[in-house]
$ cat data.cif   # mmCIF, C-alpha atoms and all ligand atoms
data_final
loop_
_atom_site.label_atom_id
_atom_site.label_comp_id
_atom_site.auth_asym_id
_atom_site.auth_seq_id
_atom_site.Cartn_x
_atom_site.Cartn_y
_atom_site.Cartn_z
CA TYR R 1 34.37 38.29 -33.37
CA SER R 2 36.18 36.83 -36.29
CA PRO R 3 35.80 37.97 -39.89
CA LEU R 4 34.27 35.44 -42.26
CA PRO R 5 35.28 34.91 -45.89
CA ASP R 6 32.98 36.51 -48.49
CA ARG R 7 30.70 33.96 -50.16
CA ASP R 8 28.25 34.06 -53.08
CA PHE R 9 25.59 31.34 -52.80
CA GLY R 10 23.79 32.46 -55.97
CA GLY R 11 20.29 33.85 -56.44
CA GLY R 12 21.16 36.97 -54.51
CA CYS R 13 22.20 35.09 -51.38
CA LEU R 14 25.47 36.76 -50.63
CA LEU R 15 27.73 37.26 -47.64
CA VAL R 16 30.11 40.20 -47.92
CA GLY R 17 31.98 41.68 -44.99
CA THR R 18 30.34 39.42 -42.42
CA VAL R 19 31.60 38.36 -39.01
CA GLN R 20 31.01 35.58 -36.52
CA LEU R 21 30.40 37.00 -33.05
CA ILE R 22 32.34 34.99 -30.48
CA ASP R 23 32.12 36.91 -27.20
CA TYR R 24 30.62 40.35 -26.63
CA GLY R 25 29.67 39.82 -23.00
CA VAL R 26 26.24 38.20 -23.27
CA PRO R 27 26.05 34.57 -24.48
CA THR R 28 23.80 34.40 -27.54
CA THR R 29 22.61 31.25 -29.28
CA SER R 30 22.51 30.35 -32.98
CA LEU R 31 24.35 33.35 -34.37
CA LYS R 32 25.93 32.71 -37.74
CA ALA R 33 27.23 35.18 -40.31
CA MET R 34 26.24 38.79 -39.62
CA ALA R 35 27.03 41.82 -41.74
CA CYS R 36 29.46 43.93 -39.75
CA PRO R 37 27.10 46.93 -39.16
CA LEU R 38 24.39 44.50 -38.01
CA ALA R 39 26.80 42.87 -35.54
CA ARG R 40 27.77 46.30 -34.20
CA THR R 41 24.15 47.45 -33.84
CA PHE R 42 23.03 44.15 -32.34
CA THR R 43 25.74 44.05 -29.65
CA ALA R 44 25.06 47.72 -28.75
CA TRP R 45 21.32 46.98 -28.49
CA VAL R 46 21.88 44.02 -26.15
CA ARG R 47 24.49 45.77 -23.99
CA ASN R 48 22.92 49.23 -23.80
CA GLY R 49 19.23 48.47 -24.37
CA VAL R 50 18.32 44.94 -23.29
CA VAL R 51 20.62 44.44 -20.29
CA PRO R 52 19.78 47.77 -18.57
CA ALA R 53 16.05 47.20 -19.26
CA GLY R 54 16.25 43.80 -17.57
CA ARG R 55 18.06 45.25 -14.60
CA GLU R 56 15.76 48.26 -14.16
CA ILE R 57 12.39 46.74 -15.03
CA LEU R 58 12.75 43.09 -14.05
CA GLY R 59 15.41 43.44 -11.39
CA SER R 60 17.63 40.83 -12.96
CA ASP R 61 20.46 40.74 -15.49
CA VAL R 62 19.90 39.21 -18.91
CA ARG R 63 22.35 36.30 -18.96
CA LYS R 64 21.53 34.82 -22.36
CA VAL R 65 19.87 35.87 -25.59
CA GLU R 66 18.30 33.13 -27.71
CA THR R 67 17.93 33.63 -31.45
CA PHE R 68 16.64 31.73 -34.46
CA GLY R 69 19.76 32.81 -36.31
CA THR R 70 21.02 35.31 -38.80
CA TYR R 71 21.97 34.15 -42.28
CA ALA R 72 19.36 32.17 -44.24
CA CYS R 73 18.99 32.04 -48.03
CA ARG R 74 15.25 32.63 -48.35
CA ASN R 75 12.50 35.04 -49.32
CA ARG R 76 10.56 37.19 -46.89
CA VAL R 77 7.81 35.38 -45.04
CA GLY R 78 4.27 36.52 -44.44
CA THR R 79 4.16 39.04 -47.30
CA ALA R 80 2.62 38.78 -50.74
CA THR R 81 5.75 39.92 -52.52
CA SER R 82 8.47 37.35 -53.11
CA ARG R 83 11.54 39.37 -52.34
CA LEU R 84 14.73 38.13 -50.77
CA SER R 85 14.80 38.48 -47.00
CA GLU R 86 17.48 40.60 -45.35
CA HIS R 87 18.55 37.26 -43.85
CA ALA R 88 19.85 36.27 -47.31
CA THR R 89 22.68 38.78 -46.95
CA GLY R 90 23.34 38.27 -43.23
CA ASN R 91 21.68 41.59 -42.51
CA ALA R 92 19.00 40.38 -40.08
CA VAL R 93 18.66 38.53 -36.79
CA ASP R 94 15.59 36.89 -35.21
CA ILE R 95 15.34 37.10 -31.41
CA SER R 96 13.29 34.41 -29.67
CA ALA R 97 13.96 34.61 -25.91
CA PHE R 98 15.91 36.10 -23.00
CA VAL R 99 17.17 34.16 -20.00
CA LEU R 100 17.57 36.14 -16.76
CA ALA R 101 20.06 35.66 -13.95
CA ASP R 102 17.18 34.76 -11.60
CA GLY R 103 16.27 31.82 -13.87
CA ARG R 104 13.28 33.32 -15.64
CA ARG R 105 13.07 32.74 -19.39
CA ILE R 106 11.07 35.32 -21.32
CA THR R 107 10.04 34.17 -24.77
CA ILE R 108 8.53 36.27 -27.53
CA GLU R 109 6.02 33.51 -28.31
CA ARG R 110 4.66 33.01 -24.78
CA ASP R 111 5.22 36.41 -23.19
CA TRP R 112 4.54 39.00 -25.90
CA ARG R 113 0.93 39.23 -24.71
CA THR R 114 1.65 38.44 -21.07
CA MET R 115 -0.51 39.86 -18.28
CA ASP R 116 2.61 40.51 -16.17
CA PRO R 117 3.00 44.31 -16.36
CA ASP R 118 6.78 44.24 -15.78
CA VAL R 119 7.45 41.67 -18.49
CA GLN R 120 5.08 43.60 -20.78
CA ARG R 121 6.99 46.82 -20.15
CA PHE R 122 10.38 45.10 -20.60
CA LEU R 123 9.34 43.80 -24.03
CA GLN R 124 7.91 47.18 -25.09
CA VAL R 125 11.04 49.02 -23.93
CA ILE R 126 13.46 46.71 -25.76
CA ARG R 127 11.38 46.97 -28.93
CA GLN R 128 11.47 50.77 -28.72
CA SER R 129 15.20 50.59 -28.12
CA ALA R 130 15.55 48.34 -31.18
CA CYS R 131 13.46 50.75 -33.28
CA ARG R 132 15.90 53.56 -32.48
CA ARG R 133 18.87 51.46 -33.64
CA PHE R 134 17.71 49.16 -36.46
CA ARG R 135 15.95 50.03 -39.73
CA THR R 136 13.27 47.35 -39.53
CA VAL R 137 11.81 45.87 -36.35
CA LEU R 138 8.98 43.33 -36.70
CA SER R 139 7.25 41.77 -33.69
CA PRO R 140 4.18 39.54 -33.22
CA ASP R 141 2.18 42.78 -33.67
CA TYR R 142 3.25 42.87 -37.34
CA ASN R 143 1.90 39.60 -38.72
CA ALA R 144 1.32 35.93 -37.93
CA ALA R 145 4.68 34.93 -39.36
CA HIS R 146 6.39 36.80 -36.54
CA TYR R 147 4.39 35.21 -33.69
CA ASN R 148 7.51 33.81 -32.03
CA HIS R 149 10.35 36.25 -32.66
CA LEU R 150 11.51 39.82 -33.05
CA HIS R 151 12.98 40.38 -36.50
CA LEU R 152 15.71 43.05 -36.51
CA ASP R 153 17.47 44.20 -39.65
CA LEU R 154 19.41 47.06 -41.18
CA GLY R 155 17.74 46.87 -44.59
CA GLY R 156 15.81 49.36 -46.67
CA ALA R 157 12.41 50.05 -45.19
CA ALA R 158 12.10 51.89 -41.88
CA LEU R 159 9.45 49.93 -39.99
CA CYS R 160 8.72 49.67 -36.28
CA ARG R 161 5.87 47.26 -35.74
ZN ZN Y 1 13.83 37.61 -39.54
#

$ encode --input "data.cif" --output "structure tokens" --more "lines below"
Ligand SMILES: [Zn+2]
Amino acid sequence: YSPLPDRDFGGGCLLVGTVQLIDYGVPTTSLKAMACPLARTFTAWVRNGVVPAGREILGSDVRKVETFGTYACRNRVGTATSRLSEHATGNAVDISAFVLADGRRITIERDWRTMDPDVQRFLQVIRQSACRRFRTVLSPDYNAAHYNHLHLDLGGAALCR
């Protein structure tokens, strides 16, 4: 990783102590600024949660993680309250898909309610693994706004949905 300069974008959108992940062993798309504890938790989750789950449950290594990104200056989506999202401080990441060594691509949007029992179990196991590591984990089970990604953050409310 490389450390990024602190920046204040106004309106509460603030990056302090963030890093850009460069290489932690699993190629990951669209990562921008991440708060350092988030980067540490995220890389540990992929290495120690996602990769072993792929190997054990799906019989294939996870070769790529696709995300919708990290930093974004915006409010929370899908809730009545207009509060800043954890994304506004680089404290959240949205996971959209996993690409396996055998060529399969598992997406949150298409496969969250799959009939394939192994893929189902893989997604449940990595969510549980995320819930043990992050503060807030929101999946398509939470609300319609999360139909296509897993939201992971280290913010205030402990939620595993
Ligand atoms: Zn999110």

$ atom_distance --input "data.cif" --atom1 "atom CA of R:Val77" --atom2 "atom CA of R:His146"
8.7 Å

$ residues_near_ligand --input "data.cif" --ligand "ligand ZN 1 (chain Y)" --cutoff "7 Å" --atoms "only C-alpha atoms and all ligand atoms" --output "list in words"
His87, Ala92, Val93, Asp94, His151 and Leu152 of chain R

$ atom_distance --input "data.cif" --atom1 "atom CA of R:Asp141" --atom2 "atom CA of R:Arg161"
6.2 Å

$ atom_distance --input "data.cif" --atom1 "atom CA of R:Val50" --atom2 "atom CA of R:Asp23"
16.4 Å

$ residues_around --input "data.cif" --residues "stretch 2-14 of chain R" --least-positions-apart "4" --cutoff "9 Å" --atoms "only C-alpha atoms" --output "CSV table (one decimal) with C-alpha atoms, in the frame of the given file"
chain,number,residue,atom,x,y,z
R,18,THR,CA,30.3,39.4,-42.4
R,19,VAL,CA,31.6,38.4,-39.0
R,20,GLN,CA,31.0,35.6,-36.5
R,21,LEU,CA,30.4,37.0,-33.0
R,22,ILE,CA,32.3,35.0,-30.5
R,33,ALA,CA,27.2,35.2,-40.3
R,36,CYS,CA,29.5,43.9,-39.8
R,72,ALA,CA,19.4,32.2,-44.2
R,73,CYS,CA,19.0,32.0,-48.0
R,74,ARG,CA,15.2,32.6,-48.4
R,84,LEU,CA,14.7,38.1,-50.8
R,87,HIS,CA,18.6,37.3,-43.8
R,88,ALA,CA,19.8,36.3,-47.3
R,89,THR,CA,22.7,38.8,-47.0
R,90,GLY,CA,23.3,38.3,-43.2

$ closest_atom_pairs --input "data.cif" --of "stretch 36-79 of chain R" --to "stretch 109-129 of chain R" --cutoff "7 Å" --atoms "only C-alpha atoms" --output "tab-separated table"
residue	atom	partner	partner_atom	distance
R:Gly49	CA	R:Ser129	CA	5.9
R:Val50	CA	R:Ile126	CA	5.7
R:Ala53	CA	R:Phe122	CA	6.2
R:Gly54	CA	R:Phe122	CA	6.7
R:Ile57	CA	R:Phe122	CA	6.1
R:Leu58	CA	R:Asp118	CA	6.3

$ write_last_selection --input "data.cif" --atoms "C-alpha atoms" --output "compact mmCIF listing (two decimals), in the coordinates of the input"
# COMPACT_ATOMS: atom_id res chain seq x y z
CA GLY R 49 19.23 48.47 -24.37
CA VAL R 50 18.32 44.94 -23.29
CA ALA R 53 16.05 47.20 -19.26
CA GLY R 54 16.25 43.80 -17.57
CA ILE R 57 12.39 46.74 -15.03
CA LEU R 58 12.75 43.09 -14.05

$ closest_residue --input "data.cif" --among "R:Arg104, R:Val99, R:Ser30, R:Val46" --to "R:Phe68" --atoms "all atoms listed in the file"
R:Ser30

$ residues_around --input "data.cif" --residues "R:Arg135" --least-positions-apart "6" --cutoff "12 Å" --atoms "all atoms listed in the file" --output "list in words"
Pro37, Leu38, Thr41, Phe42, Glu86, Asn91, Ala92, Gln128, Ser129, His151, Leu152, Asp153, Leu154, Gly155, Gly156, Ala157, Ala158, Leu159, Cys160 and Arg161 of chain R

$ residues_around --input "data.cif" --residues "R:Val65" --least-positions-apart "5" --cutoff "8 Å" --atoms "all atoms listed in the file" --output "VMD selection string"
chain R and resid 26 to 29 95 to 99

$ closest_residue --input "data.cif" --among "R:Leu150, R:Val62, R:Asn48, R:Thr70" --to "R:Met34" --atoms "only C-alpha atoms"
R:Thr70

$ closest_residue --input "data.cif" --among "R:Asn148, R:Tyr142, R:Tyr1, R:Gly78" --to "R:Thr43" --atoms "only C-alpha atoms"
R:Tyr1

$ closest_residue --input "data.cif" --among "R:His149, R:Pro52, R:Gly103, R:Ser82" --to "R:Gly69" --atoms "all atoms listed in the file"
R:His149

$ closest_residue --input "data.cif" --among "R:Ala130, R:Ile108, R:Asp102, R:Lys32" --to "R:Leu15" --atoms "all atoms listed in the file"
R:Lys32

$ decode --input "data.cif" --residues "stretch 18-65 of chain R" --atoms "N, CA and C atoms" --output "mmCIF file, in the first residue's frame"
data_model
loop_
_atom_site.group_PDB
_atom_site.id
_atom_site.type_symbol
_atom_site.label_atom_id
_atom_site.label_comp_id
_atom_site.auth_asym_id
_atom_site.auth_seq_id
_atom_site.Cartn_x
_atom_site.Cartn_y
_atom_site.Cartn_z
ATOM 1 N N THR R 18 -5.586 7.647 5.340
ATOM 2 C CA THR R 18 -6.017 6.618 4.389
ATOM 3 C C THR R 18 -4.832 6.096 3.577
ATOM 4 N N VAL R 19 -5.067 4.931 2.972
ATOM 5 C CA VAL R 19 -4.039 4.308 2.141
ATOM 6 C C VAL R 19 -4.649 3.850 0.819
ATOM 7 N N GLN R 20 -3.790 3.691 -0.166
ATOM 8 C CA GLN R 20 -4.159 3.038 -1.414
ATOM 9 C C GLN R 20 -3.535 1.652 -1.402
ATOM 10 N N LEU R 21 -4.383 0.609 -1.426
ATOM 11 C CA LEU R 21 -3.835 -0.748 -1.499
ATOM 12 C C LEU R 21 -3.267 -0.971 -2.891
ATOM 13 N N ILE R 22 -2.074 -1.531 -2.971
ATOM 14 C CA ILE R 22 -1.441 -1.770 -4.265
ATOM 15 C C ILE R 22 -1.381 -3.266 -4.547
ATOM 16 N N ASP R 23 -0.863 -4.038 -3.593
ATOM 17 C CA ASP R 23 -0.771 -5.488 -3.794
ATOM 18 C C ASP R 23 -0.794 -6.180 -2.438
ATOM 19 N N TYR R 24 -1.865 -6.919 -2.169
ATOM 20 C CA TYR R 24 -1.904 -7.700 -0.924
ATOM 21 C C TYR R 24 -2.087 -9.180 -1.235
ATOM 22 N N GLY R 25 -1.939 -9.538 -2.506
ATOM 23 C CA GLY R 25 -1.973 -10.950 -2.883
ATOM 24 C C GLY R 25 -3.173 -11.344 -3.716
ATOM 25 N N VAL R 26 -4.260 -10.601 -3.633
ATOM 26 C CA VAL R 26 -5.455 -10.902 -4.420
ATOM 27 C C VAL R 26 -5.845 -9.640 -5.186
ATOM 28 N N PRO R 27 -5.751 -9.653 -6.516
ATOM 29 C CA PRO R 27 -6.119 -8.461 -7.289
ATOM 30 C C PRO R 27 -7.549 -8.027 -6.975
ATOM 31 N N THR R 28 -7.746 -6.750 -6.764
ATOM 32 C CA THR R 28 -9.046 -6.219 -6.357
ATOM 33 C C THR R 28 -9.310 -4.937 -7.134
ATOM 34 N N THR R 29 -10.496 -4.870 -7.752
ATOM 35 C CA THR R 29 -10.787 -3.732 -8.628
ATOM 36 C C THR R 29 -11.357 -2.540 -7.853
ATOM 37 N N SER R 30 -11.141 -1.365 -8.404
ATOM 38 C CA SER R 30 -11.824 -0.120 -8.009
ATOM 39 C C SER R 30 -11.567 0.357 -6.588
ATOM 40 N N LEU R 31 -10.499 -0.109 -5.962
ATOM 41 C CA LEU R 31 -10.209 0.391 -4.618
ATOM 42 C C LEU R 31 -9.601 1.778 -4.720
ATOM 43 N N LYS R 32 -10.135 2.696 -3.919
ATOM 44 C CA LYS R 32 -9.529 4.018 -3.812
ATOM 45 C C LYS R 32 -9.114 4.185 -2.349
ATOM 46 N N ALA R 33 -9.219 5.396 -1.847
ATOM 47 C CA ALA R 33 -8.756 5.650 -0.480
ATOM 48 C C ALA R 33 -9.517 4.799 0.531
ATOM 49 N N MET R 34 -8.764 4.155 1.419
ATOM 50 C CA MET R 34 -9.355 3.389 2.523
ATOM 51 C C MET R 34 -8.689 3.823 3.816
ATOM 52 N N ALA R 35 -9.505 4.045 4.855
ATOM 53 C CA ALA R 35 -8.939 4.279 6.176
ATOM 54 C C ALA R 35 -8.077 3.078 6.527
ATOM 55 N N CYS R 36 -6.970 3.337 7.216
ATOM 56 C CA CYS R 36 -5.993 2.271 7.451
ATOM 57 C C CYS R 36 -6.596 1.041 8.152
ATOM 58 N N PRO R 37 -7.387 1.208 9.227
ATOM 59 C CA PRO R 37 -7.972 0.004 9.866
ATOM 60 C C PRO R 37 -8.886 -0.766 8.913
ATOM 61 N N LEU R 38 -9.591 -0.050 8.030
ATOM 62 C CA LEU R 38 -10.453 -0.729 7.056
ATOM 63 C C LEU R 38 -9.602 -1.559 6.099
ATOM 64 N N ALA R 39 -8.493 -0.979 5.628
ATOM 65 C CA ALA R 39 -7.615 -1.698 4.705
ATOM 66 C C ALA R 39 -7.074 -2.963 5.364
ATOM 67 N N ARG R 40 -6.712 -2.841 6.647
ATOM 68 C CA ARG R 40 -6.165 -3.994 7.371
ATOM 69 C C ARG R 40 -7.232 -5.078 7.523
ATOM 70 N N THR R 41 -8.443 -4.677 7.920
ATOM 71 C CA THR R 41 -9.531 -5.639 8.119
ATOM 72 C C THR R 41 -9.948 -6.270 6.805
ATOM 73 N N PHE R 42 -10.011 -5.458 5.759
ATOM 74 C CA PHE R 42 -10.424 -5.954 4.445
ATOM 75 C C PHE R 42 -9.444 -6.995 3.907
ATOM 76 N N THR R 43 -8.149 -6.700 3.976
ATOM 77 C CA THR R 43 -7.164 -7.645 3.429
ATOM 78 C C THR R 43 -7.167 -8.938 4.254
ATOM 79 N N ALA R 44 -7.350 -8.832 5.578
ATOM 80 C CA ALA R 44 -7.406 -10.038 6.416
ATOM 81 C C ALA R 44 -8.643 -10.862 6.077
ATOM 82 N N TRP R 45 -9.770 -10.177 5.823
ATOM 83 C CA TRP R 45 -11.003 -10.893 5.462
ATOM 84 C C TRP R 45 -10.822 -11.655 4.144
ATOM 85 N N VAL R 46 -10.236 -11.003 3.138
ATOM 86 C CA VAL R 46 -10.054 -11.677 1.846
ATOM 87 C C VAL R 46 -9.088 -12.848 1.993
ATOM 88 N N ARG R 47 -7.944 -12.601 2.642
ATOM 89 C CA ARG R 47 -6.916 -13.645 2.735
ATOM 90 C C ARG R 47 -7.343 -14.811 3.618
ATOM 91 N N ASN R 48 -7.951 -14.511 4.757
ATOM 92 C CA ASN R 48 -8.214 -15.545 5.768
ATOM 93 C C ASN R 48 -9.663 -16.002 5.810
ATOM 94 N N GLY R 49 -10.552 -15.274 5.141
ATOM 95 C CA GLY R 49 -11.959 -15.640 5.115
ATOM 96 C C GLY R 49 -12.399 -16.070 3.724
ATOM 97 N N VAL R 50 -12.240 -15.188 2.753
ATOM 98 C CA VAL R 50 -12.773 -15.437 1.409
ATOM 99 C C VAL R 50 -11.986 -16.519 0.674
ATOM 100 N N VAL R 51 -10.655 -16.398 0.660
ATOM 101 C CA VAL R 51 -9.849 -17.355 -0.119
ATOM 102 C C VAL R 51 -10.002 -18.786 0.417
ATOM 103 N N PRO R 52 -9.865 -19.014 1.731
ATOM 104 C CA PRO R 52 -10.071 -20.386 2.229
ATOM 105 C C PRO R 52 -11.490 -20.895 1.979
ATOM 106 N N ALA R 53 -12.497 -20.014 2.055
ATOM 107 C CA ALA R 53 -13.881 -20.445 1.800
ATOM 108 C C ALA R 53 -14.030 -20.893 0.353
ATOM 109 N N GLY R 54 -13.416 -20.174 -0.569
ATOM 110 C CA GLY R 54 -13.465 -20.572 -1.977
ATOM 111 C C GLY R 54 -12.818 -21.929 -2.177
ATOM 112 N N ARG R 55 -11.665 -22.089 -1.561
ATOM 113 C CA ARG R 55 -10.914 -23.340 -1.720
ATOM 114 C C ARG R 55 -11.695 -24.520 -1.141
ATOM 115 N N GLU R 56 -12.232 -24.341 0.077
ATOM 116 C CA GLU R 56 -12.877 -25.459 0.767
ATOM 117 C C GLU R 56 -14.273 -25.757 0.226
ATOM 118 N N ILE R 57 -15.034 -24.700 -0.088
ATOM 119 C CA ILE R 57 -16.440 -24.912 -0.443
ATOM 120 C C ILE R 57 -16.615 -25.053 -1.955
ATOM 121 N N LEU R 58 -15.866 -24.263 -2.721
ATOM 122 C CA LEU R 58 -16.047 -24.269 -4.173
ATOM 123 C C LEU R 58 -14.925 -25.003 -4.899
ATOM 124 N N GLY R 59 -13.893 -25.388 -4.158
ATOM 125 C CA GLY R 59 -12.803 -26.126 -4.768
ATOM 126 C C GLY R 59 -11.969 -25.318 -5.737
ATOM 127 N N SER R 60 -11.942 -24.015 -5.539
ATOM 128 C CA SER R 60 -11.174 -23.169 -6.445
ATOM 129 C C SER R 60 -10.720 -21.914 -5.704
ATOM 130 N N ASP R 61 -9.548 -21.412 -6.064
ATOM 131 C CA ASP R 61 -9.048 -20.207 -5.408
ATOM 132 C C ASP R 61 -9.745 -18.959 -5.955
ATOM 133 N N VAL R 62 -9.980 -18.010 -5.069
ATOM 134 C CA VAL R 62 -10.491 -16.709 -5.501
ATOM 135 C C VAL R 62 -9.308 -15.927 -6.075
ATOM 136 N N ARG R 63 -9.398 -15.593 -7.358
ATOM 137 C CA ARG R 63 -8.285 -14.934 -8.037
ATOM 138 C C ARG R 63 -8.475 -13.428 -8.152
ATOM 139 N N LYS R 64 -9.729 -12.984 -7.991
ATOM 140 C CA LYS R 64 -9.972 -11.536 -8.105
ATOM 141 C C LYS R 64 -11.208 -11.169 -7.296
ATOM 142 N N VAL R 65 -11.149 -10.029 -6.648
ATOM 143 C CA VAL R 65 -12.311 -9.477 -5.952
ATOM 144 C C VAL R 65 -12.712 -8.213 -6.702
#
